[in-house]
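J.: Provided herewith is a single structure, encoded as structure tokens, for subsequent inquiry.
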Protein chains: 4
Amino acid sequence: MKNTIGESFAITLFGESHGPYIGFVLDGIAPGIKIDEERIRQRLSLRRPSGKISTARVEMDEFKIISGAVDNVTTGTALTVIIENTNTKSSDYDSLKNCPRPSHADYTATLKYHGYQDARGGGHFSGRITAALVVAGAIASDILENKGIYIGSHIKKCGSVEERSFDEENLKEEILRLNNQSFACLENDKAEEMVLEAEKAALDLDSVGGIVETAVYGLMGGLGEPWFDTLEGVLAKYIFSVPAIKGVEFGAGFSITDKRGSEANDNFFMKDGDVLTLTNNSGGIQGGISNGMPIIIRSAVKPTPSIYKKQNTVDLKENSDTTLEIKGRHDPAIVHRARIVIDSVVALALVDMCSLRYGTDWQK
Amino acid sequence: MKNTIGESFAITLFGESHGPYIGFVLDGIAPGIKIDEERIRQRLSLRRPSGKISTARVEMDEFKIISGAVDNVTTGTALTVIIENTNTKSSDYDSLKNCPRPSHADYTATLKYHGYQDARGGGHFSGRITAALVVAGAIASDILENKGIYIGSHIKKCGSVEERSFDEENLKEEILRLNNQSFACLENDKAEEMVLEAEKAALDLDSVGGIVETAVYGLMGGLGEPWFDTLEGVLAKYIFSVPAIKGVEFGAGFSITDKRGSEANDNFFMKDGDVLTLTNNSGGIQGGISNGMPIIIRSAVKPTPSIYKKQNTVDLKENSDTTLEIKGRHDPAIVHRARIVIDSVVALALVDMCSLRYGTDWQK
Amino acid sequence: MKNTIGESFAITLFGESHGPYIGFVLDGIAPGIKIDEERIRQRLSLRRPSGKISTARVEMDEFKIISGAVDNVTTGTALTVIIENTNTKSSDYDSLKNCPRPSHADYTATLKYHGYQDARGGGHFSGRITAALVVAGAIASDILENKGIYIGSHIKKCGSVEERSFDEENLKEEILRLNNQSFACLENDKAEEMVLEAEKAALDLDSVGGIVETAVYGLMGGLGEPWFDTLEGVLAKYIFSVPAIKGVEFGAGFSITDKRGSEANDNFFMKDGDVLTLTNNSGGIQGGISNGMPIIIRSAVKPTPSIYKKQNTVDLKENSDTTLEIKGRHDPAIVHRARIVIDSVVALALVDMCSLRYGTDWQK
Amino acid sequence: MKNTIGESFAITLFGESHGPYIGFVLDGIAPGIKIDEERIRQRLSLRRPSGKISTARVEMDEFKIISGAVDNVTTGTALTVIIENTNTKSSDYDSLKNCPRPSHADYTATLKYHGYQDARGGGHFSGRITAALVVAGAIASDILENKGIYIGSHIKKCGSVEERSFDEENLKEEILRLNNQSFACLENDKAEEMVLEAEKAALDLDSVGGIVETAVYGLMGGLGEPWFDTLEGVLAKYIFSVPAIKGVEFGAGFSITDKRGSEANDNFFMKDGDVLTLTNNSGGIQGGISNGMPIIIRSAVKPTPSIYKKQNTVDLKENSDTTLEIKGRHDPAIVHRARIVIDSVVALALVDMCSLRYGTDWQK
């Protein structure tokens, strides 16, 4: 249902880049849950642009809980949070409805909304909206961590620079470390290379994309459904909401097709009474259901479509070809900012699935 | 909601591999739609195993409409179809609850259903259930084709053999041709190589995976939502229902991360009054919404997990490690059978999204 | 979503009066639940017509579980049941599309389905379909009774004859007794009067309506939502699915408007550590949420619209007024048959609400 | 799903009586719809207390659109409105968690939310929240009126005073007149009597209830589903969200049980090519589907549970019986304020059902 996702723990998202507020309603949260504002702020800071490879638009993301909590403890009714938009220079975007930016949503928004969309700053399509997802995701992550379930992502690839994958033997530690890094890499030198690559693209008036790898540690087995609400399908639907994602894969993902069955299959073994698998090509999911191993997800983030280079487009008023040079503020890379958004939607998805299976009070 | 997907045109799937029937209820179909039984049978034949690289279990897939149609014309009420299971040798599967097959759903089903699942033939997780999806998908495809929307897939990769992608200039023709091929390749010689590779794997008591590339021709722009019900997210959720899928990507997909923004961006141009894009790295979707260009999807199909080779597993009763040699019937490759199932769920997804946007009577 | 109701424990209903089968899919049932066929048959017998005041169409309601259970124990996957239609004389109904029966669904079906509906025997609108609801309701009732929650109804009014309401002090006993009565009254002499009244109407080629009063004993407090998913709203939506219902009220219902607040308010008192209310004008629901007292519901059942008397109608083909004498089989009263259907949908509603709140495994 | 209702045109409601804001998100509204602020204000004024029989808490209901519209024209994305709570004296409500007010939601909220609910002013259960419903309902009503569909209600009964029902021959005129009356009666003298009765109750430290009769003029036939999403069931679910409603009936409602079939049946006749019915005991709905005649609904509103008279309750801390005298502001009657809320939710329900059937752009 459009702007709402989740069946038991559901989020409804609203807002436009240059409207007065963005925000969300979180319905189905259990009563008695402590909202940790500090934690929310810390996670918002991971989404906020910083350094040379990010947009100059920096907002403090001051969020305000306007329903569903008293003294930062949830009441059990719909929790609503609004975030004020403070830094809204609208003049930059005036011509977007007529001359759509390539690979942006300008043109498809016109098709869908018949030209009535709020085009200022990307409107409802703006990455700005993801700040609301991060706030909600922080609350969901807290709920999960209280159950021993940890989510973390690293920048597996930025431009042409790629780093190693998670070490599943030390997964919890790696996740905890990543969740405090503003540019989340497992390898420090690779992080530096990635930033350099993005900066170089910026100098060329261009941009780069990348791959975010996400792990979930500590998820119970048995979550997900055989058809339709498969764990992969549900997670993918949440993740494809994050702007710029063009692919989602689990475990070995597309590269599993390079293996034969005997290599791809995750053989079982017992360890201290637990059933584990020797490999984790399944990414912790078999038959659409979690098996107790770490969930491993990779998401492809396309290069920021806003570039300063001149591009070809059309003039919808004149019905003619034209060219476009995008002005305004934009990032040569967003993969490092996307990762906390991906963590956030994964957290929202998992709390919903657990609440549906175990009931609302499971959250406490 | 578990076994139901779709908000306006919804399918509810049921059945187990060795139960009396599998089937589905299709709710929200418009009245007055002609059910083309011949078309359904033709598409079922594309799913049916054939040749050396498929399982010896061949069933005629006799389907029966038990509600929602009179003389094969829909009444507008819930359309129910049942398909009898005729070929059910159950003895082969007796030990699966105790000694789960690697990378199958045996173990996760035990976690989820506390051991009450119907383990015979994979039960509700069996690929057999996809026959019901194909019947429903045939009906959905007919609805779409009446609107000029065509869906088709080819086997982009099988084992290590890979063929070219769609020629978007001749897309409709390619789709029509593929929809009559039992082993759906764009290049005949590659098809032969792929079959050889699968046969070789079979001789090695092993299996291969592959990649299915799917195209949608003729889809109107403006379909999809900016958040949550993005066209990518909705399609991915349907596609991850198809067993063995471990990754889904759109347009350039993961490889878009190898490009800079200036290469990745799909520049617009006008042609005969239509807005087109020079490239289609977006796979026809920008901002979660269709842009009128072909939708391009690739799905990674893991190697068939059922292999004859000895594998390591655990004995859940004895709480110990053990080994397993899977008997019974199984395919060294399923990628060629999966493609019609993918086409089917894509068709179901699109009819639902169009019905939600344009109303139920749009289907006619 | 049309023919599906329930968010965690959901039923999808299908079938037409004169099609091969009617049935349902029940999704979200926990694994390991024993299906008691005897109990289902007993409840079906309460719906089945009997005696002079019921239709001559008697079917054995042979149901068959075709998915979701092995040896009558649920597997946790979608449970599908089909019931064969054996007694289908279609010739009686030929002219209904042109000359709609007053207060039947013939005319509205034509408006909705553009004339494509299956008109034979009322098609999808037939009371016949409620047999499927009764089977599903029997399963839901068993789940509830295992938790100490009992549902029962009596015929509060039939024609002009009215009997007393439930004695809330002996509610469980009254419910258990009613659930074994084919004509469910609390007062035997009133039952006889009601039957006489219906028989008299039949002699006059006419029919009578009535009121069903339903009680739920043992329901936990805290069930329901303040807005939209109020316990009253959810129950009412399920109950209005039962054909011929024109009103639903809770507790004192419409008569609460005859009282002042001081009389209408249910004052609290303690008894053995439990919070009870002195009166139960709220019908066990305050603020949309159960308070632990018995749930009391009354449903108005209109007189059977099928009567033998000549009536005025229109000829849709000729665009003219005409008259109609309905032939075929029909009941001078259905209130006594409706009650088990009402019990059934109330049971389905409550299992769904409990499953959503407490998780699926609560059902066991 | 808890605080969200609607499948294509969905409202999510949030807020507490004494929180900073109440409000809603309206998702699925078509782009290009003009929001008429004047109309919203006019309808809010009908909900606002006025005169002796209403609470002394008067708020200006200043609403603010924070997303989904530019210059009061909808963009097609989620429309969010917030209304500030300005008049919040919280001290009056301190003891409510321990000593629940009879027939209020205090006790059931404690059961549901384990005591974490915001008890101030009734919190999320407060009638205050209905201001948000009225704003959303004004927007929905505008959409409907542009299609020739008009909704209006009158106070059929207040205390013991009852007035006549709608004159279906002059229905549109009656609706238009009612929609400008602050105390909506069809008969002026009855309105005066009703106010007197409520004032008399106030003098007695007591309160009265009543019945709201609602009509929908101009609704197309064919709306509603045979099962579950019946027009009656959907409307009832929305209406039971309005606080204090204990019964909902359609057409002749409960009194249809006083008639025989030959009197209850609505015979058809043709008039100027339209199919009409001689009577309208069905309230415009047959088989769960609209038939083109006016929709007639009656809703029972219980007496305001807040009365000044001393009442019995319990002390949940002391586990003992006690008495309670409610202080603060409250109305001796709310039936006259409830009617615009009922109109509002009926409008929301109908726009959703039409959008689902005809597509989102139908709204324009």
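Letters for chains follow the order of the structure tokens (A, B, ...), residue numbers begin at 1 for each chain, and ligand numbers begin at 1 in the order shown.
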Please, which residues of chain A lie no more than 10 Å from chain C when the count uses only C-alpha atoms, and can they be set out as a ChimeraX atom specification?
T.: /A:7-8,28,77,225-226,354-362
J.: Output all heavy atoms for every residue in the selection just made, as an mmCIF file, in the first residue's frame.
T.:
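Writing the result to part-v6.cif gives the following:
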data_model
loop_
_atom_site.group_PDB
_atom_site.id
_atom_site.type_symbol
_atom_site.label_atom_id
_atom_site.label_comp_id
_atom_site.auth_asym_id
_atom_site.auth_seq_id
_atom_site.Cartn_x
_atom_site.Cartn_y
_atom_site.Cartn_z
ATOM 1 N N GLU A 7 3.266 -5.243 8.244
ATOM 2 C CA GLU A 7 1.924 -5.742 8.501
ATOM 3 C C GLU A 7 1.573 -5.676 9.979
ATOM 4 O O GLU A 7 0.415 -5.543 10.343
ATOM 5 C CB GLU A 7 1.785 -7.166 7.982
ATOM 6 C CG GLU A 7 1.933 -7.187 6.458
ATOM 7 C CD GLU A 7 1.801 -8.569 5.866
ATOM 8 O OE1 GLU A 7 0.736 -9.167 5.981
ATOM 9 O OE2 GLU A 7 2.790 -9.054 5.298
ATOM 10 N N SER A 8 2.576 -5.767 10.832
ATOM 11 C CA SER A 8 2.290 -5.696 12.271
ATOM 12 C C SER A 8 3.016 -4.488 12.871
ATOM 13 O O SER A 8 2.503 -3.824 13.752
ATOM 14 C CB SER A 8 2.762 -6.988 12.950
ATOM 15 O OG SER A 8 2.639 -6.876 14.335
ATOM 16 N N GLY A 28 2.191 -0.026 15.562
ATOM 17 C CA GLY A 28 2.399 -1.406 15.988
ATOM 18 C C GLY A 28 3.639 -1.566 16.840
ATOM 19 O O GLY A 28 4.111 -2.677 17.050
ATOM 20 N N THR A 77 0.738 3.356 21.057
ATOM 21 C CA THR A 77 -0.059 3.896 19.954
ATOM 22 C C THR A 77 0.888 4.428 18.876
ATOM 23 O O THR A 77 2.105 4.446 19.062
ATOM 24 C CB THR A 77 -0.985 5.024 20.455
ATOM 25 O OG1 THR A 77 -0.173 6.052 21.037
ATOM 26 C CG2 THR A 77 -1.947 4.498 21.518
ATOM 27 N N GLU A 225 8.622 -16.852 4.900
ATOM 28 C CA GLU A 225 7.560 -17.727 4.406
ATOM 29 C C GLU A 225 8.025 -18.388 3.119
ATOM 30 O O GLU A 225 8.852 -17.845 2.391
ATOM 31 C CB GLU A 225 6.298 -16.903 4.106
ATOM 32 C CG GLU A 225 5.735 -16.161 5.295
ATOM 33 C CD GLU A 225 5.062 -17.062 6.314
ATOM 34 O OE1 GLU A 225 4.626 -18.152 5.933
ATOM 35 O OE2 GLU A 225 4.998 -16.671 7.487
ATOM 36 N N PRO A 226 7.484 -19.546 2.813
ATOM 37 C CA PRO A 226 7.926 -20.239 1.598
ATOM 38 C C PRO A 226 7.604 -19.481 0.301
ATOM 39 O O PRO A 226 8.361 -19.552 -0.658
ATOM 40 C CB PRO A 226 7.157 -21.563 1.630
ATOM 41 C CG PRO A 226 6.451 -21.642 2.921
ATOM 42 C CD PRO A 226 6.509 -20.317 3.595
ATOM 43 N N CYS A 354 9.276 -10.336 12.846
ATOM 44 C CA CYS A 354 9.274 -10.955 14.179
ATOM 45 C C CYS A 354 7.961 -10.664 14.909
ATOM 46 O O CYS A 354 7.419 -11.533 15.595
ATOM 47 C CB CYS A 354 10.448 -10.437 15.007
ATOM 48 S SG CYS A 354 12.044 -11.057 14.443
ATOM 49 N N SER A 355 7.455 -9.446 14.773
ATOM 50 C CA SER A 355 6.214 -9.081 15.470
ATOM 51 C C SER A 355 5.048 -9.891 14.932
ATOM 52 O O SER A 355 4.165 -10.312 15.695
ATOM 53 C CB SER A 355 5.928 -7.588 15.289
ATOM 54 O OG SER A 355 6.979 -6.820 15.830
ATOM 55 N N LEU A 356 5.050 -10.115 13.639
ATOM 56 C CA LEU A 356 3.976 -10.899 13.033
ATOM 57 C C LEU A 356 4.042 -12.336 13.538
ATOM 58 O O LEU A 356 3.022 -12.973 13.784
ATOM 59 C CB LEU A 356 4.139 -10.853 11.509
ATOM 60 C CG LEU A 356 2.899 -11.069 10.658
ATOM 61 C CD1 LEU A 356 1.775 -10.131 11.052
ATOM 62 C CD2 LEU A 356 3.239 -10.842 9.185
ATOM 63 N N ARG A 357 5.248 -12.824 13.715
ATOM 64 C CA ARG A 357 5.399 -14.225 14.116
ATOM 65 C C ARG A 357 5.223 -14.415 15.624
ATOM 66 O O ARG A 357 4.593 -15.367 16.061
ATOM 67 C CB ARG A 357 6.791 -14.714 13.691
ATOM 68 C CG ARG A 357 7.075 -16.165 14.047
ATOM 69 C CD ARG A 357 8.199 -16.733 13.193
ATOM 70 N NE ARG A 357 8.609 -18.050 13.630
ATOM 71 C CZ ARG A 357 7.944 -19.165 13.349
ATOM 72 N NH1 ARG A 357 6.858 -19.111 12.637
ATOM 73 N NH2 ARG A 357 8.382 -20.342 13.784
ATOM 74 N N TYR A 358 5.779 -13.494 16.385
ATOM 75 C CA TYR A 358 5.809 -13.715 17.837
ATOM 76 C C TYR A 358 4.858 -12.804 18.597
ATOM 77 O O TYR A 358 4.755 -12.901 19.813
ATOM 78 C CB TYR A 358 7.237 -13.515 18.364
ATOM 79 C CG TYR A 358 8.231 -14.440 17.736
ATOM 80 C CD1 TYR A 358 9.202 -13.977 16.856
ATOM 81 C CD2 TYR A 358 8.193 -15.808 18.010
ATOM 82 C CE1 TYR A 358 10.118 -14.837 16.267
ATOM 83 C CE2 TYR A 358 9.100 -16.677 17.422
ATOM 84 C CZ TYR A 358 10.061 -16.180 16.555
ATOM 85 O OH TYR A 358 10.952 -17.043 15.978
ATOM 86 N N GLY A 359 4.187 -11.887 17.908
ATOM 87 C CA GLY A 359 3.291 -10.967 18.585
ATOM 88 C C GLY A 359 3.998 -9.666 18.916
ATOM 89 O O GLY A 359 5.226 -9.590 18.961
ATOM 90 N N THR A 360 3.212 -8.640 19.140
ATOM 91 C CA THR A 360 3.745 -7.301 19.363
ATOM 92 C C THR A 360 4.633 -7.227 20.597
ATOM 93 O O THR A 360 5.672 -6.562 20.598
ATOM 94 C CB THR A 360 2.571 -6.310 19.509
ATOM 95 O OG1 THR A 360 1.777 -6.368 18.321
ATOM 96 C CG2 THR A 360 3.065 -4.890 19.710
ATOM 97 N N ASP A 361 4.238 -7.915 21.644
ATOM 98 C CA ASP A 361 4.991 -7.776 22.891
ATOM 99 C C ASP A 361 6.376 -8.398 22.815
ATOM 100 O O ASP A 361 7.200 -8.183 23.705
ATOM 101 C CB ASP A 361 4.192 -8.358 24.055
ATOM 102 C CG ASP A 361 3.050 -7.422 24.448
ATOM 103 O OD1 ASP A 361 3.111 -6.224 24.101
ATOM 104 O OD2 ASP A 361 2.097 -7.876 25.097
ATOM 105 N N TRP A 362 6.637 -9.173 21.776
ATOM 106 C CA TRP A 362 7.979 -9.700 21.562
ATOM 107 C C TRP A 362 8.987 -8.551 21.530
ATOM 108 O O TRP A 362 10.140 -8.734 21.942
ATOM 109 C CB TRP A 362 8.028 -10.437 20.213
ATOM 110 C CG TRP A 362 9.419 -10.836 19.804
ATOM 111 C CD1 TRP A 362 10.085 -11.983 20.149
ATOM 112 C CD2 TRP A 362 10.328 -10.073 19.001
ATOM 113 N NE1 TRP A 362 11.336 -11.976 19.596
ATOM 114 C CE2 TRP A 362 11.522 -10.823 18.898
ATOM 115 C CE3 TRP A 362 10.251 -8.842 18.361
ATOM 116 C CZ2 TRP A 362 12.629 -10.368 18.166
ATOM 117 C CZ3 TRP A 362 11.342 -8.388 17.642
ATOM 118 C CH2 TRP A 362 12.508 -9.145 17.540
#
J.: Report as an NGL selection string all protein, DNA and RNA residues lying within 9 Å of Val345 (chain A), evaluated on only C-alpha atoms, omitting residues in the same chain fewer than 2 positions from it.
T.: :A and (133-134 or 136-137 or 140 or 235 or 238-239 or 241-242 or 340-343 or 347-350)
J.: Keeping only N, CA, C and O atoms, write those residues as a short mmCIF file (atom, residue, chain, number, x, y, z; two decimals), in the first residue's frame.
T.:
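Okay, this is what ended up in selection00.cif:
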data_model
loop_
_atom_site.label_atom_id
_atom_site.label_comp_id
_atom_site.auth_asym_id
_atom_site.auth_seq_id
_atom_site.Cartn_x
_atom_site.Cartn_y
_atom_site.Cartn_z
N LEU A 133 13.64 7.56 7.52
CA LEU A 133 13.87 6.11 7.62
C LEU A 133 14.95 5.79 8.65
O LEU A 133 14.87 4.79 9.36
N VAL A 134 15.96 6.65 8.72
CA VAL A 134 17.06 6.40 9.66
C VAL A 134 16.57 6.54 11.10
O VAL A 134 16.93 5.74 11.97
N ALA A 136 13.48 6.03 12.21
CA ALA A 136 12.66 4.84 12.49
C ALA A 136 13.54 3.60 12.62
O ALA A 136 13.31 2.76 13.49
N GLY A 137 14.54 3.53 11.75
CA GLY A 137 15.45 2.39 11.78
C GLY A 137 16.25 2.32 13.07
O GLY A 137 16.58 1.23 13.55
N ALA A 140 14.01 0.70 15.54
CA ALA A 140 13.89 -0.73 15.24
C ALA A 140 15.19 -1.46 15.61
O ALA A 140 15.15 -2.58 16.14
N LEU A 235 12.91 -8.54 2.45
CA LEU A 235 14.08 -7.65 2.61
C LEU A 235 14.33 -6.87 1.32
O LEU A 235 14.60 -5.66 1.35
N TYR A 238 11.96 -3.90 0.91
CA TYR A 238 12.37 -2.77 1.75
C TYR A 238 13.60 -2.08 1.15
O TYR A 238 13.68 -0.86 1.09
N ILE A 239 14.58 -2.88 0.73
CA ILE A 239 15.84 -2.29 0.29
C ILE A 239 15.68 -1.53 -1.02
O ILE A 239 16.30 -0.48 -1.22
N SER A 241 13.44 0.27 -1.77
CA SER A 241 12.93 1.60 -1.45
C SER A 241 14.03 2.62 -1.30
O SER A 241 13.79 3.82 -1.41
N VAL A 242 15.21 2.15 -0.98
CA VAL A 242 16.32 3.09 -0.81
C VAL A 242 16.69 3.61 -2.20
O VAL A 242 16.95 2.82 -3.10
N ILE A 340 23.63 3.36 5.92
CA ILE A 340 22.85 3.43 7.15
C ILE A 340 21.35 3.39 6.85
O ILE A 340 20.54 2.95 7.67
N VAL A 341 21.00 3.82 5.65
CA VAL A 341 19.59 3.73 5.24
C VAL A 341 19.22 2.26 5.00
O VAL A 341 18.14 1.80 5.40
N ILE A 342 20.14 1.54 4.39
CA ILE A 342 19.90 0.11 4.17
C ILE A 342 19.79 -0.60 5.52
O ILE A 342 18.86 -1.39 5.75
N ASP A 343 20.72 -0.32 6.43
CA ASP A 343 20.61 -0.90 7.77
C ASP A 343 19.24 -0.61 8.38
O ASP A 343 18.64 -1.46 9.05
N ALA A 347 16.31 -3.27 9.44
CA ALA A 347 15.83 -3.35 10.83
C ALA A 347 14.31 -3.26 10.88
O ALA A 347 13.66 -4.02 11.60
N LEU A 348 13.75 -2.35 10.11
CA LEU A 348 12.28 -2.22 10.08
C LEU A 348 11.64 -3.51 9.59
O LEU A 348 10.63 -3.97 10.15
N ALA A 349 12.22 -4.11 8.55
CA ALA A 349 11.66 -5.34 8.01
C ALA A 349 11.69 -6.46 9.05
O ALA A 349 10.72 -7.20 9.23
N LEU A 350 12.81 -6.57 9.75
CA LEU A 350 12.95 -7.69 10.69
C LEU A 350 12.04 -7.53 11.90
O LEU A 350 11.46 -8.51 12.38
#
J.: With a distance cut-off of 9 Å and only C-alpha atoms, select the neighbouring residues of Phe14 (chain A), excluding the residue or stretch itself and same-chain residues fewer than 3 positions from it, and output the selection as a list in words.
T.: Asn3, Tyr21, Ile22, Gly23, Phe24, Val25, His124, Ile129 and Ala132 of chain A; Val25, Ile66, Ser67, Gly68, Thr77, Ala78, Leu79 and Thr80 of chain D
J.: Go ahead and save the residues from that selection, with all heavy atoms, as a compact mmCIF listing (two decimals), in the first residue's frame.
T.:
# COMPACT_ATOMS: atom_id res chain seq x y z
N ASN A 3 2.76 4.21 0.50
CA ASN A 3 3.75 4.76 1.43
C ASN A 3 3.78 4.07 2.79
O ASN A 3 4.37 4.58 3.73
CB ASN A 3 3.48 6.25 1.65
CG ASN A 3 4.14 7.07 0.57
OD1 ASN A 3 4.01 6.76 -0.61
ND2 ASN A 3 4.88 8.09 0.97
N TYR A 21 8.18 19.82 6.70
CA TYR A 21 8.66 18.67 7.47
C TYR A 21 8.69 17.42 6.61
O TYR A 21 7.90 17.27 5.68
CB TYR A 21 7.72 18.36 8.64
CG TYR A 21 7.55 19.44 9.66
CD1 TYR A 21 6.44 20.28 9.61
CD2 TYR A 21 8.47 19.61 10.69
CE1 TYR A 21 6.26 21.28 10.56
CE2 TYR A 21 8.30 20.59 11.64
CZ TYR A 21 7.19 21.44 11.57
OH TYR A 21 7.02 22.41 12.51
N ILE A 22 9.57 16.52 6.96
CA ILE A 22 9.42 15.13 6.54
C ILE A 22 9.16 14.34 7.82
O ILE A 22 9.30 14.87 8.92
CB ILE A 22 10.68 14.59 5.83
CG1 ILE A 22 11.89 14.67 6.79
CG2 ILE A 22 10.97 15.38 4.57
CD1 ILE A 22 13.07 13.84 6.32
N GLY A 23 8.78 13.09 7.69
CA GLY A 23 8.56 12.31 8.90
C GLY A 23 7.95 10.96 8.62
O GLY A 23 7.90 10.50 7.47
N PHE A 24 7.49 10.33 9.69
CA PHE A 24 6.90 8.99 9.55
C PHE A 24 5.96 8.72 10.72
O PHE A 24 6.05 9.36 11.77
CB PHE A 24 7.98 7.91 9.51
CG PHE A 24 8.77 7.80 10.79
CD1 PHE A 24 8.32 6.99 11.84
CD2 PHE A 24 9.94 8.50 10.97
CE1 PHE A 24 9.05 6.89 13.02
CE2 PHE A 24 10.67 8.42 12.14
CZ PHE A 24 10.22 7.61 13.17
N VAL A 25 5.07 7.78 10.48
CA VAL A 25 4.25 7.20 11.55
C VAL A 25 4.66 5.75 11.67
O VAL A 25 4.70 5.03 10.67
CB VAL A 25 2.74 7.28 11.21
CG1 VAL A 25 1.92 6.82 12.41
CG2 VAL A 25 2.34 8.68 10.79
N HIS A 124 9.30 14.41 -3.11
CA HIS A 124 9.10 13.20 -2.33
C HIS A 124 10.14 12.14 -2.69
O HIS A 124 10.28 11.13 -1.99
CB HIS A 124 7.68 12.70 -2.61
CG HIS A 124 7.23 11.59 -1.74
ND1 HIS A 124 7.25 11.66 -0.37
CD2 HIS A 124 6.74 10.34 -2.03
CE1 HIS A 124 6.78 10.53 0.15
NE2 HIS A 124 6.48 9.72 -0.84
N ILE A 129 14.40 12.34 2.35
CA ILE A 129 13.37 11.58 3.04
C ILE A 129 13.97 10.43 3.84
O ILE A 129 13.39 9.95 4.81
CB ILE A 129 12.33 11.01 2.03
CG1 ILE A 129 11.90 12.07 1.01
CG2 ILE A 129 11.12 10.43 2.74
CD1 ILE A 129 11.29 13.30 1.60
N ALA A 132 14.18 10.28 7.65
CA ALA A 132 13.07 9.73 8.43
C ALA A 132 13.21 8.22 8.60
O ALA A 132 12.97 7.66 9.68
CB ALA A 132 11.74 10.07 7.77
N VAL D 25 -2.02 10.94 7.93
CA VAL D 25 -1.41 10.83 6.62
C VAL D 25 -2.46 10.21 5.70
O VAL D 25 -3.06 9.19 6.04
CB VAL D 25 -0.16 9.92 6.63
CG1 VAL D 25 0.52 9.95 5.27
CG2 VAL D 25 0.80 10.32 7.73
N ILE D 66 1.54 19.45 5.88
CA ILE D 66 3.01 19.45 5.91
C ILE D 66 3.63 18.58 4.81
O ILE D 66 4.84 18.56 4.66
CB ILE D 66 3.57 19.07 7.29
CG1 ILE D 66 3.16 17.65 7.69
CG2 ILE D 66 3.16 20.09 8.35
CD1 ILE D 66 3.91 17.16 8.94
N SER D 67 2.81 17.87 4.08
CA SER D 67 3.36 17.14 2.91
C SER D 67 2.24 16.84 1.94
O SER D 67 1.07 16.82 2.30
CB SER D 67 4.04 15.83 3.34
OG SER D 67 3.09 14.83 3.60
N GLY D 68 2.61 16.61 0.70
CA GLY D 68 1.65 16.11 -0.28
C GLY D 68 0.86 17.16 -1.02
O GLY D 68 -0.02 16.83 -1.82
N THR D 77 1.44 12.52 -3.72
CA THR D 77 2.16 11.79 -2.69
C THR D 77 1.42 11.94 -1.36
O THR D 77 0.44 12.66 -1.27
CB THR D 77 3.61 12.31 -2.56
OG1 THR D 77 3.54 13.71 -2.23
CG2 THR D 77 4.36 12.15 -3.87
N ALA D 78 1.91 11.22 -0.36
CA ALA D 78 1.21 11.16 0.93
C ALA D 78 0.94 12.56 1.48
O ALA D 78 1.86 13.35 1.65
CB ALA D 78 2.04 10.34 1.92
N LEU D 79 -0.33 12.81 1.75
CA LEU D 79 -0.76 14.11 2.27
C LEU D 79 -0.81 14.03 3.79
O LEU D 79 -1.55 13.22 4.35
CB LEU D 79 -2.16 14.41 1.72
CG LEU D 79 -2.75 15.77 2.10
CD1 LEU D 79 -2.23 16.84 1.16
CD2 LEU D 79 -4.27 15.72 2.03
N THR D 80 -0.03 14.87 4.44
CA THR D 80 0.01 14.84 5.90
C THR D 80 -0.50 16.17 6.45
O THR D 80 -0.12 17.24 5.98
CB THR D 80 1.45 14.60 6.41
OG1 THR D 80 1.94 13.43 5.78
CG2 THR D 80 1.48 14.42 7.92
J.: Can you list, as a PyMOL selection string, every protein, DNA or RNA residue that comes within 6 Å of region 171-185 of chain A when you count only C-alpha atoms, leaving out same-chain residues fewer than 3 positions away?
T.: chain A and resi 46+152+154-155+167-168+191+336
J.: Would you pick out the contacts of region 107-120 of chain B at 7 Å or less, using only C-alpha atoms, so that residues sharing its chain but fewer than 2 positions from it are not included, and give the list as a count of residues only?
T.: 22
J.: Skipping near chain neighbours, those fewer than 4 positions away, what residues fall within 10 Å of region 272-274 of chain B using only C-alpha atoms, listed as a list of chain:residue names?
T.: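 The contact residues come out as A:Leu316, A:Asn319, A:Ser320, B:Gly292.
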